[in-house]
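Okay, input.txt is below, compact mmCIF, C-alpha atoms:
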# COMPACT_ATOMS: atom_id res chain seq x y z
CA MET A 7 69.89 61.31 326.75
CA SER A 8 67.57 58.36 326.16
CA ILE A 9 68.65 58.25 322.51
CA PHE A 10 72.00 56.91 323.70
CA TYR A 11 70.38 53.98 325.44
CA VAL A 12 68.27 53.23 322.38
CA LEU A 13 71.38 53.28 320.20
CA LEU A 14 73.28 51.19 322.75
CA LEU A 15 70.50 48.59 322.76
CA PHE A 16 70.52 48.59 318.97
CA MET A 17 74.28 48.04 318.87
CA ILE A 18 74.17 45.28 321.49
CA ILE A 19 71.44 43.46 319.58
CA ALA A 20 73.41 43.82 316.35
CA ALA A 21 76.54 42.50 318.05
CA VAL A 22 74.70 39.48 319.45
CA ILE A 23 73.23 38.73 316.01
CA ALA A 24 76.65 39.18 314.40
CA ILE A 25 78.11 36.55 316.72
CA GLU A 26 75.23 34.12 316.72
CA THR A 27 74.17 34.04 313.09
CA LYS A 28 75.39 31.18 310.93
CA ASN A 29 75.53 33.19 307.71
CA LEU A 30 78.77 35.10 307.34
CA LEU A 31 77.27 37.76 305.05
CA SER A 32 74.56 38.76 307.51
CA SER A 33 77.17 38.76 310.25
CA VAL A 34 79.23 41.28 308.28
CA ILE A 35 76.15 43.43 307.69
CA CYS A 36 75.46 43.38 311.44
CA ILE A 37 79.00 44.62 312.07
CA GLY A 38 78.22 47.48 309.70
CA ALA A 39 75.08 48.21 311.71
CA ILE A 40 77.20 48.41 314.87
CA GLY A 41 79.49 50.93 313.20
CA PHE A 42 76.53 52.95 311.98
CA GLY A 43 75.12 53.07 315.51
CA ALA A 44 78.48 54.20 316.86
CA SER A 45 78.65 56.90 314.20
CA LEU A 46 75.16 58.17 315.12
CA MET A 47 76.20 58.17 318.76
CA PHE A 48 79.24 60.32 318.01
CA LEU A 49 76.99 62.66 316.05
CA PHE A 50 74.64 63.06 319.01
CA LEU A 51 77.64 63.63 321.27
CA ARG A 52 78.48 66.60 319.00
CA ALA A 53 81.63 65.08 317.58
CA PRO A 54 80.99 65.34 313.82
CA ASP A 55 84.65 64.83 312.91
CA ILE A 56 84.89 61.37 314.36
CA ALA A 57 81.35 60.60 313.14
CA ILE A 58 82.37 61.25 309.53
CA THR A 59 85.50 59.15 309.91
CA GLN A 60 83.62 56.37 311.65
CA ILE A 61 80.88 56.05 309.06
CA VAL A 62 83.28 56.29 306.13
CA VAL A 63 85.70 53.72 307.51
CA GLU A 64 82.91 51.43 308.61
CA VAL A 65 81.12 51.48 305.27
CA LEU A 66 84.36 51.06 303.37
CA GLY A 67 85.51 48.36 305.78
CA LEU A 68 82.23 46.60 305.22
CA ILE A 69 82.78 46.62 301.48
CA ILE A 70 86.31 45.32 301.94
CA LEU A 71 85.04 42.53 304.16
CA ILE A 72 82.23 41.52 301.81
CA ARG A 73 84.02 41.97 298.55
CA ALA A 74 87.58 41.02 299.34
CA THR A 75 87.44 38.55 302.18
CA ILE A 76 84.32 36.58 301.28
CA SER A 77 84.25 37.13 297.56
CA ARG A 78 82.07 34.38 296.19
CA ASP A 79 81.53 31.47 298.47
CA LEU A 80 79.88 32.09 301.80
CA THR A 81 81.30 30.07 304.62
CA PHE A 82 78.94 28.46 307.07
CA ILE A 83 80.34 27.97 310.51
CA THR A 84 79.26 24.74 312.14
CA GLY A 85 80.43 22.58 314.99
CA ASP A 86 79.39 21.62 318.49
CA LYS A 87 80.52 23.49 321.54
CA GLU A 88 81.96 21.58 324.44
CA PHE A 89 80.29 21.75 327.81
CA PHE A 90 83.51 22.54 329.70
CA GLY A 91 84.41 25.44 327.39
CA THR A 92 80.93 26.92 327.75
CA VAL A 93 81.15 26.84 331.54
CA ILE A 94 84.58 28.47 331.50
CA SER A 95 83.43 31.24 329.17
CA VAL A 96 80.29 31.90 331.23
CA VAL A 97 82.42 32.24 334.38
CA ILE A 98 84.86 34.60 332.66
CA ILE A 99 82.02 36.72 331.27
CA PHE A 100 80.45 36.90 334.74
CA VAL A 101 83.72 38.07 336.33
CA ILE A 102 84.22 40.71 333.64
CA PHE A 103 80.62 41.82 334.11
CA LEU A 104 81.16 42.28 337.85
CA ALA A 105 84.33 44.29 337.29
CA GLY A 106 82.55 46.41 334.69
CA ALA A 107 79.67 47.12 337.08
CA LYS A 108 82.20 48.28 339.68
CA VAL A 109 83.89 50.56 337.16
CA PHE A 110 80.63 52.05 335.87
CA GLU A 111 79.74 53.29 339.36
CA THR A 112 82.73 55.65 339.28
CA LEU A 113 82.14 57.01 335.79
CA PRO A 114 80.19 60.22 335.10
CA ASP A 115 76.97 60.02 333.12
CA PHE A 116 77.34 59.07 329.50
CA GLY A 117 77.65 62.14 327.29
CA THR A 118 78.63 64.55 330.05
CA ALA A 119 81.08 67.21 328.87
CA ILE A 120 83.72 66.57 331.54
CA PHE A 121 86.31 68.70 329.80
CA ALA A 122 84.24 71.78 330.57
CA GLU A 123 84.76 71.13 334.28
CA VAL A 124 88.48 70.34 334.47
CA PRO A 125 90.61 73.06 336.10
CA GLU A 126 92.30 75.88 334.27
CA ASP A 127 95.77 75.64 332.69
CA THR A 128 95.33 72.03 331.66
CA ALA A 129 96.09 71.05 328.10
CA SER A 130 92.46 70.64 327.02
CA GLN A 131 91.49 74.09 328.32
CA THR A 132 94.44 75.62 326.47
CA TYR A 133 93.41 73.94 323.24
CA ILE A 134 89.83 75.16 323.57
CA LYS A 135 90.70 78.74 324.51
CA LYS A 136 93.77 79.46 322.42
CA GLY A 137 93.26 77.12 319.46
CA LEU A 138 91.92 79.73 317.06
CA GLU A 139 94.40 82.36 318.15
CA ASP A 140 97.47 80.13 318.00
CA THR A 141 96.83 78.25 314.79
CA GLY A 142 94.15 80.18 312.91
CA ALA A 143 92.11 77.05 312.23
CA ALA A 144 88.39 77.33 312.95
CA ASN A 145 88.02 73.56 313.34
CA ILE A 146 89.61 72.89 316.68
CA VAL A 147 90.12 69.20 315.93
CA ALA A 148 92.27 70.12 312.93
CA SER A 149 94.25 72.56 315.05
CA VAL A 150 94.92 69.84 317.63
CA ILE A 151 95.83 66.95 315.33
CA LEU A 152 97.84 68.99 312.83
CA ASP A 153 99.43 71.67 314.98
CA TYR A 154 99.53 70.97 318.70
CA ARG A 155 99.86 67.21 318.40
CA ALA A 156 101.32 66.88 314.93
CA TYR A 157 103.88 64.35 316.14
CA ASP A 158 101.04 61.94 316.84
CA THR A 159 99.75 62.41 313.32
CA LEU A 160 103.24 61.80 311.96
CA GLY A 161 103.49 58.57 313.93
CA GLU A 162 100.07 57.50 312.74
CA ALA A 163 101.01 58.19 309.14
CA THR A 164 104.22 56.21 309.64
CA VAL A 165 102.29 53.25 310.99
CA LEU A 166 99.92 53.37 308.02
CA PHE A 167 102.81 53.70 305.58
CA THR A 168 104.70 50.76 307.07
CA SER A 169 101.66 48.51 307.12
CA ILE A 170 100.87 49.38 303.49
CA ILE A 171 104.46 48.56 302.52
CA GLY A 172 104.16 45.20 304.26
CA ALA A 173 100.83 44.39 302.62
CA THR A 174 102.14 45.44 299.22
CA VAL A 175 105.27 43.34 299.51
CA ILE A 176 103.30 40.27 300.53
CA LEU A 177 100.47 40.63 298.03
CA ARG A 178 101.97 42.36 295.00
CA LYS A 179 103.46 39.35 293.27
CA LYS A 180 100.20 37.47 293.19
CA ALA A 181 98.30 40.56 292.07
CA LYS A 182 100.69 41.15 289.19
CA LYS A 183 100.43 37.56 288.10
CA LEU A 184 96.68 37.79 288.18
CA LEU A 185 96.62 41.02 286.20
CA GLU A 186 98.65 39.55 283.38
CA GLU A 187 96.27 36.64 282.99
CA PRO A 188 92.64 37.27 282.04
CA GLU A 189 89.88 36.64 284.53
CA LEU A 190 89.41 33.03 285.41
CA MET B 18 81.40 39.25 282.39
CA LYS B 19 83.30 42.26 283.61
CA GLY B 20 81.66 44.38 286.23
CA MET B 21 77.98 44.61 287.02
CA THR B 22 74.82 45.38 285.01
CA ILE B 23 74.26 48.47 282.86
CA ILE B 24 72.10 50.10 285.55
CA VAL B 25 74.88 49.97 288.11
CA LYS B 26 77.42 51.20 285.58
CA THR B 27 75.33 54.20 284.51
CA ILE B 28 74.44 55.27 288.03
CA SER B 29 77.96 54.89 289.36
CA SER B 30 79.38 56.89 286.45
CA TRP B 31 77.10 59.77 287.51
CA VAL B 32 77.66 59.39 291.21
CA LYS B 33 81.45 59.10 291.11
CA VAL B 34 81.80 62.80 290.27
CA LEU B 35 79.80 63.81 293.33
CA ILE B 36 81.77 61.46 295.58
CA VAL B 37 85.11 62.80 294.35
CA LEU B 38 83.91 66.39 294.76
CA PHE B 39 82.71 65.66 298.28
CA GLY B 40 86.03 64.09 299.18
CA ILE B 41 87.94 67.08 297.85
CA TYR B 42 85.64 69.43 299.75
CA ILE B 43 86.15 67.49 303.00
CA ILE B 44 89.93 67.66 302.54
CA LEU B 45 90.15 71.32 301.52
CA PHE B 46 87.79 72.62 304.20
CA GLY B 47 89.22 70.38 306.91
CA HIS B 48 90.42 73.34 308.93
CA LEU B 49 87.03 75.09 308.86
CA THR B 50 84.37 72.38 308.99
CA PRO B 51 84.26 68.83 310.36
CA GLY B 52 86.32 66.39 308.40
CA GLY B 53 89.92 66.53 307.40
CA GLY B 54 92.58 64.60 305.61
CA PHE B 55 91.75 61.12 306.86
CA ALA B 56 88.00 61.16 306.20
CA GLY B 57 88.40 62.87 302.83
CA GLY B 58 91.09 60.43 301.79
CA VAL B 59 88.88 57.47 302.63
CA ILE B 60 86.03 59.04 300.61
CA LEU B 61 88.35 59.45 297.60
CA ALA B 62 89.45 55.84 297.95
CA SER B 63 85.83 54.72 298.16
CA SER B 64 85.00 56.49 294.89
CA TYR B 65 87.63 54.40 293.13
CA LEU B 66 86.35 51.36 294.98
CA LEU B 67 82.88 52.05 293.56
CA LEU B 68 84.37 52.17 290.06
CA MET B 69 86.21 48.93 290.75
CA LEU B 70 83.06 47.18 291.89
CA ALA B 71 80.96 48.50 289.01
CA PHE B 72 83.34 48.28 286.06
CA GLY B 73 85.83 45.63 287.10
CA ARG B 74 89.49 45.70 288.00
CA GLU B 75 90.93 46.30 284.55
CA PHE B 76 89.01 49.55 284.09
CA VAL B 77 90.44 50.97 287.29
CA GLN B 78 93.89 49.69 286.40
CA LYS B 79 93.83 51.76 283.22
CA ASP B 80 92.78 54.84 285.12
CA LEU B 81 94.98 54.48 288.18
CA PRO B 82 97.80 51.95 287.74
CA LEU B 83 99.38 50.34 290.74
CA ALA B 84 102.67 52.15 290.16
CA LEU B 85 100.98 55.57 290.08
CA ASP B 86 99.06 54.68 293.20
CA SER B 87 102.24 53.81 295.08
CA LYS B 88 103.80 57.06 293.89
CA LEU B 89 100.83 59.09 295.15
CA ASP B 90 101.13 57.32 298.49
CA CYS B 91 104.81 58.19 298.75
CA LEU B 92 104.12 61.76 297.58
CA GLY B 93 101.63 62.30 300.38
CA ALA B 94 104.02 60.98 303.01
CA PHE B 95 106.85 63.08 301.55
CA MET B 96 104.70 66.24 301.55
CA PHE B 97 103.80 65.77 305.19
CA VAL B 98 107.40 65.28 306.28
CA LEU B 99 108.49 68.17 304.06
CA ILE B 100 106.07 70.51 305.82
CA ALA B 101 107.51 69.41 309.14
CA VAL B 102 111.11 69.94 307.99
CA LEU B 103 110.23 73.33 306.50
CA GLY B 104 109.02 74.34 309.92
CA LEU B 105 112.43 73.37 311.26
CA VAL B 106 114.16 75.39 308.54
CA PHE B 107 112.09 78.57 308.80
CA SER B 108 111.28 78.79 312.49
CA GLY B 109 113.71 76.49 314.19
CA VAL B 110 111.19 74.00 315.57
CA PHE B 111 110.15 70.74 313.94
CA PHE B 112 106.47 70.82 312.92
CA VAL B 113 105.92 74.46 313.82
CA ASN B 114 103.12 76.18 311.93
CA PHE B 115 105.54 78.47 310.12
CA LEU B 116 103.09 79.84 307.56
CA TYR B 117 100.87 81.27 310.25
CA GLN B 118 103.37 83.97 311.10
CA GLU B 119 102.58 87.47 309.97
CA LYS B 120 105.53 87.82 307.66
CA TYR B 121 104.85 84.78 305.47
CA LEU B 122 101.10 84.54 305.02
CA PRO B 123 98.98 87.13 306.79
CA SER B 124 95.41 85.82 306.89
CA GLU B 125 92.24 86.05 308.89
CA PRO B 126 90.57 83.09 310.55
CA LEU B 127 87.47 81.48 309.02
CA HIS B 128 88.74 81.98 305.49
CA LEU B 129 89.74 79.22 303.09
CA ILE B 130 93.31 80.42 302.97
CA SER B 131 94.11 80.57 306.65
CA ALA B 132 95.69 78.50 309.40
CA GLY B 133 99.09 78.31 307.71
CA THR B 134 100.28 74.78 307.12
CA ILE B 135 97.17 72.99 308.36
CA PRO B 136 95.38 72.85 304.96
CA LEU B 137 98.60 71.69 303.31
CA SER B 138 98.98 68.93 305.88
CA ASN B 139 95.35 67.97 305.29
CA ILE B 140 96.00 67.66 301.57
CA ALA B 141 99.10 65.55 302.18
CA ILE B 142 97.31 63.21 304.59
CA GLY B 143 94.30 62.95 302.29
CA LEU B 144 96.53 61.96 299.38
CA LYS B 145 98.39 59.45 301.47
CA VAL B 146 95.38 57.82 303.13
CA GLY B 147 93.36 57.68 299.91
CA ALA B 148 96.14 56.16 297.84
CA SER B 149 97.24 53.65 300.44
CA LEU B 150 93.72 52.52 301.35
CA PHE B 151 92.83 51.99 297.72
CA LEU B 152 96.11 50.14 297.21
CA VAL B 153 95.49 47.75 300.06
CA ILE B 154 91.87 47.12 299.03
CA PHE B 155 92.93 46.45 295.46
CA LEU B 156 95.67 44.06 296.50
CA LEU B 157 93.43 42.25 298.98
CA SER B 158 90.69 41.78 296.40
CA THR B 159 93.06 40.40 293.78
CA PHE B 160 94.70 38.20 296.37
CA ARG B 161 91.44 36.73 297.56
CA ARG B 162 90.13 36.09 294.09
CA GLU B 163 93.01 33.77 293.41
CA THR B 164 92.46 31.32 296.23
CA PRO B 165 89.56 29.34 294.65
CA ALA B 166 91.70 28.62 291.58
CA LYS B 167 94.50 27.24 293.71
CA ARG B 168 92.33 24.60 295.35
Rendering of file as C-alpha cells:
Amino acid sequence: MSIFYVLLLFMIIAAVIAIETKNLLSSVICIGAIGFGASLMFLFLRAPDIAITQIVVEVLGLIILIRATISRDLTFITGDKEFFGTVISVVIIFVIFLAGAKVFETLPDFGTAIFAEVPEDTASQTYIKKGLEDTGAANIVASVILDYRAYDTLGEATVLFTSIIGATVILRKKAKKLLEEPEL
Amino acid sequence: MKGMTIIVKTISSWVKVLIVLFGIYIILFGHLTPGGGFAGGVILASSYLLLMLAFGREFVQKDLPLALDSKLDCLGAFMFVLIAVLGLVFSGVFFVNFLYQEKYLPSEPLHLISAGTIPLSNIAIGLKVGASLFLVIFLLSTFRRETPAKR
C-alpha cells in the first residue's frame, strides 16, 4: 500500500514542477511524468486495461504537445504576480483543502476493492459473475464496454467523430495549402 | 532537411514493424487480454507518428494520404454502427451480441474466435480511433508549423 503514497508524492512533485518551471518543454515533460505515475498506479491497482490506455495516450499526448504545439520556439512565461490575486488564490486553495479533508474522512482506504463488498443483484456483481457466460469474452472490461454498455461506447465514438470532423474542417485548408508548397 | 538523422531513420524503420504488430495484437486479443480497440488504435496511430517524426510529413503523406485516412475513420465508425444495426436485424434488439448465439457462431470462451461481435467491435473502434487520432495530430502539426511564417 505504501507504493501508492510514493507514487502520489512523485506525481505531486511533478505537478508542482510543471506549474512552477519557467521552461515550457520541461513543464510538458513533467506532465508526462504525472501520466506515467498515474499509469503505474492503475497497474498496481490491478487495472491493466486502463493502465495501457493511460500510458499510450499520455505518451502520445506528450509528443503532440511537444511536436505540434511548441514546435520550434520555446515560450518563456514571465510576469509579476499581484499581491491581491495571490491572497485570493491562497484563500481559495485553503477552503478547497478543508473541504477535501472533510471528504477524505468518509472515503475508504485507497485501493480497497469496494465492489467486492457491495450487495448482491447490483449491476457490478452481475457483470462480474455473468460476464463470461453472457458474452463469452474472457476480458470482463471488453464485455462491459462492448456488450453490456455498448451505448456508452457508441456515444463516445460519436463524440470523437464529431470533434475530428470539427478539427478537420477548421485545419484542413491550411494543411492542404502547406502540403502544396515545399517546406519553408 | 527532411526528417531526422540516419540513426533515427534506421532504428525507426526497424521498430515500426514491432509497434504495428503490437497494436494489431492489442486490438485482436482485446476480448481475451487487457487492451482493446482504443489502446490498440492509439498504438497504431503512434507508429505512424513515429514515421512522421523520423522521415518527415511528405513520406507519411505518400504512404497514408489524408483522404485515405478520413475514409478509414469513416469506415471504422460505419462498421461499429453496422454491427449495432445487425443486432437489431437478427435478434430484435439494438446492439445485442447476435453472433454469440448458438445458431450463428458456436464457440468456446478463451479462444480467439469467441465472444461474438466483441472482436469485430474492437477492430472497428481500433480503426476509427487510430485513423482519427493520426488525422488530428497531422493536421495540428501542419497547422502549427505555419504560424511562424505568418508573423
**OP:** Considering all atoms listed in the file, state which residue in the set A:Leu138, A:Val22, A:Ile99, A:Leu49 is at the smallest distance from Cys36 of chain A.
**Re:**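 Selected residue with least distance to Cys36 of chain A: A:Val22.
One distance worth recording is that between atom CA of Leu51 of chain A and atom CA of Glu111 of chain A, which is 20.9 Å.
Computed from the coordinates, the atom CA of Met21 of chain B to atom CA of Phe76 of chain B distance equals 12.4 Å.
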Original post:
Which one of B:Ala132, B:Ile23, B:Leu49, B:Leu66 sits closest to Ile36 of chain B if you count all atoms listed in the file?
Top reply: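 The closest residue to Ile36 of chain B is B:Leu66.
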Do a neighbour search on segment 140-154 of chain A at 6 Å with only C-alpha atoms, toss out local chain neighbours closer than 3 positions, and write the hits as a compact mmCIF listing (two decimals) with C-alpha atoms, keeping the file's coordinate frame.
# COMPACT_ATOMS: atom_id res chain seq x y z
CA LYS A 136 93.77 79.46 322.42
CA GLY A 137 93.26 77.12 319.46
CA HIS B 48 90.42 73.34 308.93
CA LEU B 49 87.03 75.09 308.86
CA THR B 50 84.37 72.38 308.99
CA PRO B 126 90.57 83.09 310.55
CA LEU B 127 87.47 81.48 309.02
CA ALA B 132 95.69 78.50 309.40
For segment 40-57 of chain B, what centre and edge lengths in Å (one decimal) does the axis-aligned box get once 8 Å is added on each side of all its listed atoms, as lines of an AutoDock Vina configuration file?
center_x = 88.4
center_y = 68.1
center_z = 304.1
size_x = 24.3
size_y = 30.0
size_z = 28.5
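Of note, atom CA of Lys26 of chain B and atom CA of Leu68 of chain B are spaced 8.3 Å apart.
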**OP:** List the neighbours of segment 159-174 of chain A out to 8 Å using all atoms listed in the file; skip same-chain residues closer than 3 positions along the sequence, and give me the result as a ChimeraX atom specification.
**Re:** /A:151-152,155-156,177-178 /B:94,97-98,142,149,152-153,156
Subject >> Selection: 9 Å around Leu83 of chain B, all atoms listed in the file, excl. self and same-chain fewer than 5 positions, as number ranges by chain >> reply: B: 78, 88, 152, 155
Subject >> Nearest to chain B by atom-to-atom distance, counting all atoms listed in the file, from A:Asn29, A:Ser8, A:Glu64, A:Gly38 >> reply: A:Glu64
Original post:
Between B:Asp86, B:Tyr117, B:Val102, B:Leu38, which has the minimum distance to chain A (counting all atoms listed in the file)?
Top reply: B:Tyr117
Original post:
What's the 9 Å shell around Leu137 of chain B, counting only C-alpha atoms, without same-chain residues fewer than 3 positions away, as a PyMOL selection string?
Top reply: chain B and resi 45+96-97+100+133-134+140-142
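The closest residue to Gln60 of chain A, picked from B:Ile60, B:Val37, B:Leu144, B:Ile24 and counting only C-alpha atoms, is B:Ile60.
Nearest to chain A of all the residues B:Ser64, B:Val146, B:Pro51, B:Ile28 is B:Pro51, counting all atoms listed in the file.
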Subject >> Within-10 Å shell of (91.9, 65.4, 303.8) in input frame, only C-alpha atoms, as an MDAnalysis selection string >> reply: chainID B and resid 40:48 52:61 136:147
Write the residues of the selection above to a file with C-alpha atoms, as a PDB file, in the coordinates of the input.
ATOM      1  CA  GLY B  40      86.030  64.090 299.180  1.00  0.00           C
ATOM      2  CA  ILE B  41      87.940  67.080 297.850  1.00  0.00           C
ATOM      3  CA  TYR B  42      85.640  69.430 299.750  1.00  0.00           C
ATOM      4  CA  ILE B  43      86.150  67.490 303.000  1.00  0.00           C
ATOM      5  CA  ILE B  44      89.930  67.660 302.540  1.00  0.00           C
ATOM      6  CA  LEU B  45      90.150  71.320 301.520  1.00  0.00           C
ATOM      7  CA  PHE B  46      87.790  72.620 304.200  1.00  0.00           C
ATOM      8  CA  GLY B  47      89.220  70.380 306.910  1.00  0.00           C
ATOM      9  CA  HIS B  48      90.420  73.340 308.930  1.00  0.00           C
ATOM     10  CA  GLY B  52      86.320  66.390 308.400  1.00  0.00           C
ATOM     11  CA  GLY B  53      89.920  66.530 307.400  1.00  0.00           C
ATOM     12  CA  GLY B  54      92.580  64.600 305.610  1.00  0.00           C
ATOM     13  CA  PHE B  55      91.750  61.120 306.860  1.00  0.00           C
ATOM     14  CA  ALA B  56      88.000  61.160 306.200  1.00  0.00           C
ATOM     15  CA  GLY B  57      88.400  62.870 302.830  1.00  0.00           C
ATOM     16  CA  GLY B  58      91.090  60.430 301.790  1.00  0.00           C
ATOM     17  CA  VAL B  59      88.880  57.470 302.630  1.00  0.00           C
ATOM     18  CA  ILE B  60      86.030  59.040 300.610  1.00  0.00           C
ATOM     19  CA  LEU B  61      88.350  59.450 297.600  1.00  0.00           C
ATOM     20  CA  PRO B 136      95.380  72.850 304.960  1.00  0.00           C
ATOM     21  CA  LEU B 137      98.600  71.690 303.310  1.00  0.00           C
ATOM     22  CA  SER B 138      98.980  68.930 305.880  1.00  0.00           C
ATOM     23  CA  ASN B 139      95.350  67.970 305.290  1.00  0.00           C
ATOM     24  CA  ILE B 140      96.000  67.660 301.570  1.00  0.00           C
ATOM     25  CA  ALA B 141      99.100  65.550 302.180  1.00  0.00           C
ATOM     26  CA  ILE B 142      97.310  63.210 304.590  1.00  0.00           C
ATOM     27  CA  GLY B 143      94.300  62.950 302.290  1.00  0.00           C
ATOM     28  CA  LEU B 144      96.530  61.960 299.380  1.00  0.00           C
ATOM     29  CA  LYS B 145      98.390  59.450 301.470  1.00  0.00           C
ATOM     30  CA  VAL B 146      95.380  57.820 303.130  1.00  0.00           C
ATOM     31  CA  GLY B 147      93.360  57.680 299.910  1.00  0.00           C
TER      32      GLY B 147
END
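Using only C-alpha atoms, the protein and nucleic acid residues lying no more than 10 Å from Leu15 of chain A, apart from those fewer than 6 places from it along its own chain, are A:Ile9, A:Ala21, A:Gly43.
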Completion step: segment 97-110 of chain B with N, CA and C atoms as a short mmCIF file (atom, residue, chain, number, x, y, z; two decimals), in the frame of the given file:
data_model
loop_
_atom_site.label_atom_id
_atom_site.label_comp_id
_atom_site.auth_asym_id
_atom_site.auth_seq_id
_atom_site.Cartn_x
_atom_site.Cartn_y
_atom_site.Cartn_z
N PHE B 97 104.03 65.55 303.76
CA PHE B 97 103.80 65.77 305.19
C PHE B 97 105.12 65.98 305.93
N VAL B 98 106.10 65.14 305.61
CA VAL B 98 107.40 65.28 306.28
C VAL B 98 108.07 66.57 305.83
N LEU B 99 107.88 66.94 304.56
CA LEU B 99 108.49 68.17 304.06
C LEU B 99 107.96 69.39 304.79
N ILE B 100 106.65 69.40 305.06
CA ILE B 100 106.07 70.51 305.82
C ILE B 100 106.70 70.60 307.20
N ALA B 101 106.90 69.42 307.82
CA ALA B 101 107.51 69.41 309.14
C ALA B 101 108.94 69.94 309.09
N VAL B 102 109.71 69.52 308.08
CA VAL B 102 111.11 69.94 307.99
C VAL B 102 111.20 71.42 307.64
N LEU B 103 110.24 71.90 306.82
CA LEU B 103 110.23 73.33 306.50
C LEU B 103 110.00 74.16 307.75
N GLY B 104 109.18 73.64 308.66
CA GLY B 104 109.02 74.34 309.92
C GLY B 104 110.32 74.43 310.68
N LEU B 105 111.12 73.35 310.62
CA LEU B 105 112.43 73.37 311.26
C LEU B 105 113.35 74.38 310.60
N VAL B 106 113.26 74.48 309.26
CA VAL B 106 114.16 75.39 308.54
C VAL B 106 113.79 76.83 308.82
N PHE B 107 112.49 77.16 308.75
CA PHE B 107 112.09 78.57 308.80
C PHE B 107 112.00 79.10 310.22
N SER B 108 111.51 78.26 311.15
CA SER B 108 111.28 78.79 312.49
C SER B 108 112.07 78.11 313.57
N GLY B 109 112.84 77.09 313.21
CA GLY B 109 113.71 76.49 314.19
C GLY B 109 113.11 75.37 315.01
N VAL B 110 111.82 75.07 314.81
CA VAL B 110 111.19 74.00 315.57
C VAL B 110 110.56 73.05 314.57
#
